[in-house]
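One file, run29.cif, carrying mmCIF, C-alpha atoms:
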```
data_entry
#
loop_
_atom_site.label_atom_id
_atom_site.label_comp_id
_atom_site.auth_asym_id
_atom_site.auth_seq_id
_atom_site.Cartn_x
_atom_site.Cartn_y
_atom_site.Cartn_z
CA MET A 1 -17.83 3.26 20.96
CA ILE A 2 -15.53 2.01 18.18
CA TYR A 3 -11.89 1.39 19.02
CA ILE A 4 -9.21 0.30 16.55
CA ASN A 5 -6.03 -1.60 17.40
CA GLY A 6 -3.42 1.05 16.51
CA ARG A 7 -0.25 -0.95 17.05
CA PHE A 8 0.37 -0.82 13.28
CA LEU A 9 1.13 2.92 13.60
CA THR A 10 4.32 2.05 15.52
CA GLN A 11 5.70 -0.17 12.73
CA SER A 12 7.10 0.31 9.24
CA ILE A 13 4.28 0.19 6.69
CA THR A 14 4.08 -3.16 4.88
CA GLY A 15 1.14 -4.72 3.06
CA VAL A 16 -1.00 -5.40 6.14
CA GLY A 17 -0.02 -2.06 7.66
CA ARG A 18 -1.02 -0.33 4.44
CA PHE A 19 -4.44 -1.99 4.65
CA ALA A 20 -4.93 -0.78 8.24
CA LEU A 21 -3.77 2.78 7.52
CA GLU A 22 -5.82 3.26 4.36
CA ILE A 23 -8.99 1.77 5.86
CA CYS A 24 -8.66 4.09 8.86
CA LYS A 25 -8.18 7.10 6.58
CA SER A 26 -11.21 6.12 4.51
CA LEU A 27 -13.40 5.52 7.57
CA LEU A 28 -12.40 8.95 8.86
CA SER A 29 -13.26 10.59 5.53
CA GLN A 30 -16.71 8.92 5.67
CA GLY A 31 -17.38 10.52 9.05
CA ILE A 32 -17.03 7.39 11.17
CA GLU A 33 -15.92 8.23 14.71
CA PHE A 34 -13.32 5.92 16.26
CA THR A 35 -10.32 5.96 18.59
CA LEU A 36 -7.01 4.33 17.74
CA LEU A 37 -5.42 2.61 20.75
CA VAL A 38 -1.61 2.82 20.74
CA PRO A 39 1.06 1.64 23.19
CA ARG A 40 1.80 4.37 25.73
CA LYS A 41 5.56 4.35 25.07
CA TYR A 42 4.91 6.16 21.74
CA GLN A 43 2.94 9.02 23.27
CA ASN A 44 5.67 11.64 22.80
CA VAL A 45 7.27 10.33 19.60
CA LEU A 46 4.48 9.17 17.28
CA GLU A 47 3.56 11.52 14.45
CA ASN A 48 -0.11 11.76 13.47
CA PRO A 49 -0.33 13.45 10.04
CA ASN A 50 -3.80 12.02 9.35
CA GLY A 51 -5.40 13.59 12.42
CA PHE A 52 -6.60 10.35 14.01
CA ASN A 53 -8.05 10.37 17.50
CA LEU A 54 -5.32 8.53 19.43
CA LYS A 55 -5.37 7.13 22.94
CA PHE A 56 -2.15 5.79 24.45
CA VAL A 57 -2.64 2.85 26.80
CA GLY A 58 -0.67 0.09 28.52
CA LEU A 59 2.90 -1.07 28.81
CA GLY A 60 5.09 -2.62 26.10
CA ASP A 61 4.45 -2.72 22.35
CA SER A 62 4.64 -6.39 21.32
CA HIS A 63 2.11 -9.21 21.11
CA ILE A 64 2.03 -9.06 24.89
CA TRP A 65 0.70 -5.49 24.66
CA GLU A 66 -2.17 -6.74 22.48
CA GLN A 67 -2.99 -9.74 24.65
CA VAL A 68 -2.59 -8.04 28.05
CA SER A 69 -2.56 -4.23 27.97
CA LEU A 70 -5.01 -3.78 25.11
CA TRP A 71 -7.31 -6.49 26.49
CA TRP A 72 -7.18 -4.93 29.99
CA PHE A 73 -8.20 -1.52 28.62
CA ILE A 74 -10.87 -2.60 26.14
CA SER A 75 -12.58 -5.03 28.50
CA ARG A 76 -13.28 -2.14 30.88
CA GLN A 77 -14.99 0.05 28.29
CA LYS A 78 -18.77 -0.27 28.23
CA GLU A 79 -20.05 -1.86 24.98
CA ALA A 80 -16.75 -1.21 23.22
CA LEU A 81 -16.31 -2.68 19.74
CA LEU A 82 -12.68 -3.36 18.82
CA LEU A 83 -11.45 -3.56 15.22
CA SER A 84 -8.07 -5.12 14.43
CA PHE A 85 -6.91 -4.61 10.85
CA THR A 86 -3.45 -6.12 11.50
CA GLY A 87 -2.59 -8.80 13.99
CA LEU A 88 -5.17 -10.79 15.89
CA GLY A 89 -5.94 -8.34 18.67
CA PRO A 90 -6.72 -9.65 22.17
CA VAL A 91 -7.84 -13.16 21.26
CA PHE A 92 -10.25 -13.72 24.16
CA TYR A 93 -12.12 -10.41 23.75
CA LYS A 94 -15.40 -11.31 22.05
CA ASN A 95 -16.83 -7.97 20.93
CA LYS A 96 -14.35 -7.46 18.13
CA ILE A 97 -13.87 -7.67 14.39
CA THR A 98 -10.53 -9.22 13.50
CA THR A 99 -8.67 -9.36 10.19
CA ILE A 100 -6.93 -12.46 8.86
CA HIS A 101 -5.03 -11.50 5.71
CA ASP A 102 -3.87 -15.02 4.87
CA LEU A 103 -3.05 -18.39 6.40
CA SER A 104 0.33 -18.97 4.79
CA PHE A 105 1.72 -20.42 8.02
CA PHE A 106 -0.89 -23.20 7.83
CA HIS A 107 -0.26 -23.70 4.12
CA GLU A 108 3.54 -24.04 4.42
CA PRO A 109 5.03 -23.98 7.96
CA LYS A 110 8.62 -24.22 6.71
CA TRP A 111 8.44 -20.63 5.41
CA PHE A 112 8.40 -19.34 9.00
CA SER A 113 10.37 -19.57 12.22
CA LYS A 114 9.09 -22.11 14.74
CA ALA A 115 8.16 -19.33 17.18
CA TYR A 116 6.08 -17.50 14.53
CA TYR A 117 4.43 -20.68 13.32
CA TYR A 118 3.41 -22.02 16.73
CA PHE A 119 2.23 -18.61 17.97
CA TYR A 120 -0.17 -18.09 15.06
CA LYS A 121 -1.16 -21.74 14.81
CA PHE A 122 -2.29 -21.64 18.45
CA PHE A 123 -3.84 -18.16 18.68
CA THR A 124 -5.45 -17.72 15.23
CA PRO A 125 -8.21 -20.32 15.75
CA ILE A 126 -8.98 -18.77 19.16
CA ALA A 127 -9.18 -15.25 17.72
CA ALA A 128 -11.43 -16.54 14.92
CA LYS A 129 -13.74 -18.19 17.44
CA TYR A 130 -13.95 -15.26 19.86
CA CYS A 131 -14.99 -12.47 17.50
CA ARG A 132 -18.11 -11.02 15.93
CA GLN A 133 -16.78 -11.09 12.37
CA ILE A 134 -13.63 -11.84 10.38
CA LEU A 135 -12.36 -9.60 7.60
CA THR A 136 -10.10 -10.94 4.89
CA VAL A 137 -8.75 -9.54 1.62
CA SER A 138 -9.80 -12.02 -1.10
CA GLU A 139 -12.19 -14.85 -1.85
CA PHE A 140 -9.13 -17.10 -1.92
CA SER A 141 -8.24 -16.18 1.67
CA LYS A 142 -11.86 -16.62 2.72
CA ALA A 143 -11.78 -20.18 1.36
CA GLU A 144 -8.53 -20.82 3.24
CA ILE A 145 -10.06 -19.56 6.50
CA ILE A 146 -13.09 -21.80 6.05
CA LYS A 147 -10.86 -24.78 5.24
CA TYR A 148 -8.20 -24.45 7.93
CA LEU A 149 -10.28 -22.93 10.76
CA ASN A 150 -13.65 -24.58 10.06
CA ILE A 151 -15.43 -21.21 10.14
CA ASN A 152 -19.01 -20.56 9.02
CA PRO A 153 -18.75 -18.70 5.68
CA GLY A 154 -21.25 -16.10 6.91
CA LYS A 155 -18.76 -15.01 9.56
CA VAL A 156 -16.13 -14.01 6.97
CA THR A 157 -16.38 -10.78 4.94
CA VAL A 158 -14.09 -10.07 1.97
CA VAL A 159 -12.71 -6.52 1.98
CA TYR A 160 -10.25 -6.01 -0.85
CA ASN A 161 -7.07 -3.98 -0.75
CA GLY A 162 -6.70 -0.90 -2.92
CA ASN A 163 -4.10 1.31 -4.56
CA SER A 164 -2.77 4.12 -2.36
CA PHE A 165 -0.89 6.09 -5.01
CA THR A 166 -3.31 8.50 -6.68
CA GLU A 167 -1.36 11.62 -7.62
CA SER A 168 -1.02 12.56 -11.29
CA TYR A 169 2.22 11.58 -12.98
CA HIS A 170 3.99 10.98 -16.28
CA LYS A 171 5.56 7.61 -17.09
CA LYS A 172 9.31 8.03 -17.56
CA ASN A 173 10.23 6.19 -20.73
CA GLU A 174 13.77 7.53 -20.83
CA VAL A 175 15.90 6.30 -17.92
CA ASP A 176 19.62 6.00 -17.29
CA LYS A 177 19.46 2.21 -16.99
CA ARG A 178 16.68 -0.25 -17.75
CA PHE A 179 15.68 -2.51 -14.84
CA ILE A 180 13.25 -5.13 -13.60
CA LEU A 181 11.49 -4.23 -10.35
CA GLY A 182 10.35 -6.49 -7.51
CA VAL A 183 8.55 -5.18 -4.41
CA SER A 184 7.82 -7.27 -1.31
CA SER A 185 9.35 -8.46 1.92
CA LEU A 186 12.25 -10.73 1.09
CA ASP A 187 11.08 -13.93 2.74
CA PRO A 188 10.87 -17.49 1.33
CA ARG A 189 7.23 -17.48 0.19
CA LYS A 190 7.92 -14.43 -1.98
CA ASN A 191 10.05 -16.76 -4.13
CA HIS A 192 12.82 -14.30 -5.00
CA GLN A 193 15.30 -17.12 -5.50
CA LEU A 194 13.41 -18.06 -8.66
CA LEU A 195 13.59 -14.48 -9.91
CA LEU A 196 17.32 -14.28 -9.17
CA LYS A 197 18.02 -17.53 -11.02
CA ALA A 198 16.03 -16.33 -14.04
CA PHE A 199 17.79 -12.96 -13.94
CA VAL A 200 21.20 -14.65 -14.00
CA GLU A 201 20.28 -16.19 -17.36
CA ILE A 202 18.75 -12.99 -18.73
CA SER A 203 21.71 -10.86 -17.67
CA LYS A 204 23.97 -12.82 -20.04
CA THR A 205 22.20 -11.41 -23.10
CA THR A 206 20.71 -8.10 -21.90
CA ASP A 207 21.90 -4.96 -20.13
CA LEU A 208 19.03 -5.02 -17.63
CA ASP A 209 19.50 -4.60 -13.90
CA LEU A 210 17.34 -5.99 -11.12
CA VAL A 211 16.01 -3.86 -8.24
CA LEU A 212 14.43 -5.62 -5.23
CA VAL A 213 12.56 -3.46 -2.72
CA GLY A 214 11.64 -4.75 0.71
CA LYS A 215 12.79 -5.57 4.18
CA ALA A 216 15.39 -8.35 4.10
CA GLU A 217 15.18 -11.24 6.55
CA LYS A 218 18.23 -12.94 8.05
CA HIS A 219 17.76 -16.09 6.00
CA PHE A 220 17.68 -14.11 2.73
CA ASN A 221 21.35 -14.39 1.87
CA PHE A 222 22.76 -15.05 -1.58
CA ASP A 223 26.28 -15.88 -2.66
CA PHE A 224 26.80 -13.87 -5.84
CA LYS A 225 29.83 -16.00 -6.73
CA VAL A 226 27.55 -19.04 -6.85
CA LEU A 227 25.03 -17.07 -8.91
CA GLU A 228 27.85 -16.10 -11.28
CA ILE A 229 26.70 -12.52 -11.68
CA ASP A 230 28.14 -9.10 -10.99
CA PRO A 231 26.62 -7.90 -7.67
CA ALA A 232 26.35 -4.42 -9.20
CA ARG A 233 23.61 -5.73 -11.50
CA ILE A 234 21.32 -6.48 -8.53
CA ARG A 235 20.26 -3.79 -6.07
CA PHE A 236 18.62 -4.57 -2.71
CA THR A 237 17.13 -1.31 -1.49
CA GLY A 238 15.72 -2.46 1.85
CA TYR A 239 12.76 -0.49 3.19
CA ILE A 240 12.27 2.80 1.29
CA SER A 241 9.86 5.72 1.41
CA ASP A 242 6.71 5.95 -0.70
CA ALA A 243 8.28 8.75 -2.73
CA GLU A 244 11.27 6.53 -3.61
CA LEU A 245 9.00 3.61 -4.42
CA LYS A 246 6.83 5.71 -6.74
CA GLU A 247 9.94 6.81 -8.63
CA LEU A 248 10.95 3.17 -9.17
CA TYR A 249 7.49 2.26 -10.46
CA ARG A 250 7.69 5.17 -12.92
CA LYS A 251 11.07 4.12 -14.27
CA ALA A 252 10.84 0.30 -14.25
CA SER A 253 10.79 -1.59 -17.54
CA LEU A 254 8.92 -4.52 -16.00
CA PHE A 255 7.42 -5.44 -12.63
CA VAL A 256 7.81 -9.08 -11.53
CA TYR A 257 6.02 -10.66 -8.56
CA PRO A 258 7.00 -14.34 -8.15
CA SER A 259 5.18 -15.08 -4.87
CA LEU A 260 4.11 -18.63 -4.05
CA TYR A 261 1.28 -17.63 -1.71
CA GLU A 262 -0.58 -14.37 -1.04
CA GLY A 263 -3.76 -13.10 0.54
CA PHE A 264 -4.06 -10.35 -2.10
CA GLY A 265 -0.85 -8.68 -3.31
CA ILE A 266 -0.88 -4.87 -3.35
CA PRO A 267 2.35 -4.13 -5.33
CA PRO A 268 1.03 -5.39 -8.71
CA LEU A 269 -1.92 -3.02 -8.33
CA GLU A 270 0.49 -0.15 -7.66
CA ALA A 271 2.56 -1.11 -10.71
CA ILE A 272 -0.60 -1.11 -12.84
CA TYR A 273 -1.35 2.43 -11.66
CA TYR A 274 2.08 3.53 -12.90
CA LYS A 275 1.53 1.83 -16.28
CA CYS A 276 4.31 -0.65 -15.69
CA PRO A 277 3.94 -4.07 -17.38
CA VAL A 278 3.11 -6.70 -14.73
CA LEU A 279 4.38 -10.30 -14.71
CA ILE A 280 3.11 -12.42 -11.81
CA SER A 281 3.07 -16.02 -10.63
CA ASP A 282 0.16 -18.20 -11.69
CA ILE A 283 -1.47 -18.83 -8.31
CA PRO A 284 -5.22 -18.83 -7.50
CA VAL A 285 -5.41 -15.48 -5.71
CA PHE A 286 -3.68 -13.65 -8.57
CA ARG A 287 -6.11 -15.17 -11.06
CA GLU A 288 -8.93 -13.82 -8.87
CA ILE A 289 -7.50 -10.31 -8.63
CA PHE A 290 -5.44 -9.73 -11.80
CA ASP A 291 -6.78 -12.25 -14.33
CA GLU A 292 -7.07 -9.84 -17.28
CA SER A 293 -4.45 -7.36 -16.12
CA ALA A 294 -1.15 -9.25 -16.06
CA ILE A 295 1.00 -11.90 -17.70
CA PHE A 296 1.36 -15.12 -15.68
CA PHE A 297 4.23 -17.57 -15.26
CA ASP A 298 4.79 -20.89 -13.49
CA PRO A 299 6.26 -19.98 -10.05
CA ASN A 300 8.18 -23.26 -9.99
CA SER A 301 9.86 -22.87 -13.38
CA VAL A 302 12.98 -20.76 -13.98
CA VAL A 303 12.68 -21.45 -17.71
CA ASP A 304 9.09 -20.20 -17.92
CA LEU A 305 9.88 -17.05 -15.93
CA LYS A 306 12.90 -16.31 -18.12
CA GLU A 307 10.86 -16.76 -21.32
CA LYS A 308 8.00 -14.61 -20.03
CA ILE A 309 10.38 -11.81 -18.97
CA LEU A 310 11.95 -11.76 -22.45
CA LEU A 311 8.47 -11.85 -24.02
CA CYS A 312 7.38 -8.83 -21.98
CA LEU A 313 10.54 -6.89 -22.73
CA ASP A 314 10.34 -7.61 -26.46
CA ASN A 315 6.64 -6.71 -26.73
CA PRO A 316 5.94 -4.00 -24.12
CA ASN A 317 3.17 -2.30 -26.12
CA LYS A 318 1.25 -5.57 -26.57
CA ILE A 319 1.10 -6.35 -22.85
CA LEU A 320 0.41 -2.86 -21.52
CA LEU A 321 -3.17 -2.31 -20.39
CA SER A 322 -5.32 0.19 -22.22
CA ASP A 323 -6.43 3.21 -20.22
CA ARG A 324 -9.92 1.69 -19.99
CA GLU A 325 -8.59 -1.64 -18.66
CA ARG A 326 -6.31 0.12 -16.19
CA ASP A 327 -9.08 2.39 -14.91
CA SER A 328 -11.42 -0.59 -14.56
CA ILE A 329 -9.19 -2.58 -12.21
CA LEU A 330 -8.20 0.51 -10.19
CA GLU A 331 -11.88 1.36 -9.73
CA LYS A 332 -12.74 -2.21 -8.72
CA PHE A 333 -10.12 -2.31 -5.95
CA SER A 334 -10.33 0.96 -4.02
CA TRP A 335 -9.95 1.81 -0.33
CA GLU A 336 -13.17 3.84 -0.43
CA LYS A 337 -15.21 0.84 -1.60
CA SER A 338 -13.61 -1.35 1.06
CA ALA A 339 -14.31 1.20 3.80
CA LEU A 340 -17.95 1.45 2.71
CA LYS A 341 -18.23 -2.33 2.97
CA ILE A 342 -16.92 -2.19 6.54
CA ILE A 343 -19.36 0.61 7.36
CA ASP A 344 -22.23 -1.58 6.08
CA LEU A 345 -20.94 -4.38 8.30
CA LEU A 346 -20.79 -2.08 11.31
#
```

How would this structure read if it were set down as structure tokens?
Amino acid sequence: MIYINGRFLTQSITGVGRFALEICKSLLSQGIEFTLLVPRKYQNVLENPNGFNLKFVGLGDSHIWEQVSLWWFISRQKEALLLSFTGLGPVFYKNKITTIHDLSFFHEPKWFSKAYYYFYKFFTPIAAKYCRQILTVSEFSKAEIIKYLNINPGKVTVVYNGNSFTESYHKKNEVDKRFILGVSSLDPRKNHQLLLKAFVEISKTTDLDLVLVGKAEKHFNFDFKVLEIDPARIRFTGYISDAELKELYRKASLFVYPSLYEGFGIPPLEAIYYKCPVLISDIPVFREIFDESAIFFDPNSVVDLKEKILLCLDNPNKILLSDRERDSILEKFSWEKSALKIIDLL
């Protein structure tokens, strides 16, 4: 029997949650039978529009639920295989496939709270040891797992992310106000301070606005007086619906992704789908995924980012992908292909 850690269904959908949801949907469409295990407290409130087979078990809904309640249930099921697409799952349960999206907390501990850092530093190596197989989302992340956790390469399978937005659309070239779009959680490794500093310079000579989409953390706090810019020129949307996000992709003049470290990076792929020019930081994983599909900039240089933004805005037709190039990258990174790879692994 295949069980899947369904705690992600109780949380707002972010990058790792999107991976879990889309893989589950694709496995279901391929006829794979599985049961999603969800904390019992959500039994009467959780919507299930995708028709998953849900089973509500255990008390709580935090990491403790995964390590105690989920472990208690799964360890009593005969020959049960557990898949965790987000989080580590019960670390001491051996008959499982776990997913490690990235090891950013090993790469740069200062990006995270001490509690987060020490929790994952302690439990991630244990989860990697006590599992049948590890999934990750890029060759870059696989190399990081091998380096930091000393894992046999044969135990790590790369399963790429995909683009979830597939409905037909028309790019909106006429908008009320031109803007640059950024989409990601607003935490230090996403490097939004660099984008804000570059935008301050650009705003002096252009009428562009900046729209940043994503959940804000407590430490993400900017003094607009210090930035010397009108706060009305920068919009922080917080978490928004998919429908709202799609509308922003359609209207944006340019998509900028200044991250310092990623396991994959789904938003640039979504921007490519909506034919929005993509400008991303020059880091190894983005070269692996988007090498011929984006313009790159030095993530440590405000000057380079500013120059590249102006270059993209002045020459939008030269940097836009052709339909053939766009279709090629969207076909390469698809949830269906990733699900089929997991099915082969199973």

Next on the checklist: I want to know what sits within 10 Å of segment 232-249 of chain A, based on only C-alpha atoms, with residues of the same chain fewer than 3 positions away left out; could you give that as number ranges by chain?
Outcome noted: A: 12-14, 164-165, 169, 171-172, 179-186, 196, 199-200, 203, 207-217, 224, 229, 252-255, 267, 270-276

- [ ] Taking the file above as input, evaluate the PyMOL selection byres ((chain A and resi 86-94) around 8) and report the hits as a ChimeraX atom specification.
- [x] /A:5,8,16-17,20,66-68,70-71,75,84-85,95-96,98-100,123-124,126-127,130-132

- Query: If you measure from atom CA of Pro284 of chain A to atom CA of Gln11 of chain A, what distance in Å do you get, rounded to one decimal?
  - Reply: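 Going from atom CA of Pro284 of chain A over to atom CA of Gln11 of chain A, I get 29.6 Å.
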
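For the pair atom CA of Phe333 of chain A and atom CA of Phe112 of chain A, the interatomic distance is 29.3 Å.
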
Exercise. Could you give me, as a ChimeraX atom specification, the residues within 9 Å of Leu260 of chain A, counting only C-alpha atoms and dropping anything in the same chain fewer than 2 positions from it?
Key: /A:188-191,258,262,281-283,299-300

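Residues in contact with segment 302-318 of chain A at up to 7 Å, not including ones fewer than 4 positions away on its chain and judged by all atoms listed in the file, are Leu194, Lys197, Ala198, Ile202, Phe297 and Asp298 of chain A.
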
>> Can you pull out the residues contacting Leu28 of chain A? Cut-off 10 Å, using all atoms listed in the file, and skip same-chain residues under 6 positions away; I want them as JSON, numbers by chain.
In response: {"A": [22, 34, 50, 51, 52, 53, 339]}

Would you export the selected residues with C-alpha atoms as a PDB file, keeping the file's coordinate frame, please?
```pdb
ATOM      1  CA  GLU A  22      -5.820   3.260   4.360  1.00  0.00           C
ATOM      2  CA  PHE A  34     -13.320   5.920  16.260  1.00  0.00           C
ATOM      3  CA  ASN A  50      -3.800  12.020   9.350  1.00  0.00           C
ATOM      4  CA  GLY A  51      -5.400  13.590  12.420  1.00  0.00           C
ATOM      5  CA  PHE A  52      -6.600  10.350  14.010  1.00  0.00           C
ATOM      6  CA  ASN A  53      -8.050  10.370  17.500  1.00  0.00           C
ATOM      7  CA  ALA A 339     -14.310   1.200   3.800  1.00  0.00           C
TER       8      ALA A 339
END
```

* To do: Tell me, as a VMD selection string, which residues lie within 7 Å of Val137 of chain A, counting only C-alpha atoms; anything in the same chain fewer than 5 positions away does not count.
  => chain A and resid 101 158 to 161 263 to 264

Checklist entry - Of the residues A:Leu46, A:Leu9, A:Leu269, A:Leu149, which is the one nearest to Asp327 of chain A, using all atoms listed in the file? => result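 Of all the options, A:Leu269 lies closest to Asp327 of chain A.
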
One decimal, in Å: what's the spacing between atom CA of Arg250 of chain A and atom CA of Glu167 of chain A?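 Computing it gives 12.3 Å between the two atoms.
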
Residue with the minimum atom-to-atom distance to Pro277 of chain A, picked from A:Lys129, A:Arg18, A:Lys251, A:Lys121 with only C-alpha atoms counted, is A:Lys251

Notebook entry, point to check: When the PyMOL selection byres ((chain A and resi 55) around 8) is applied to the file above, which residues end up in the set, as a ChimeraX atom specification?
Noted result: /A:35-38,53-54,56-57
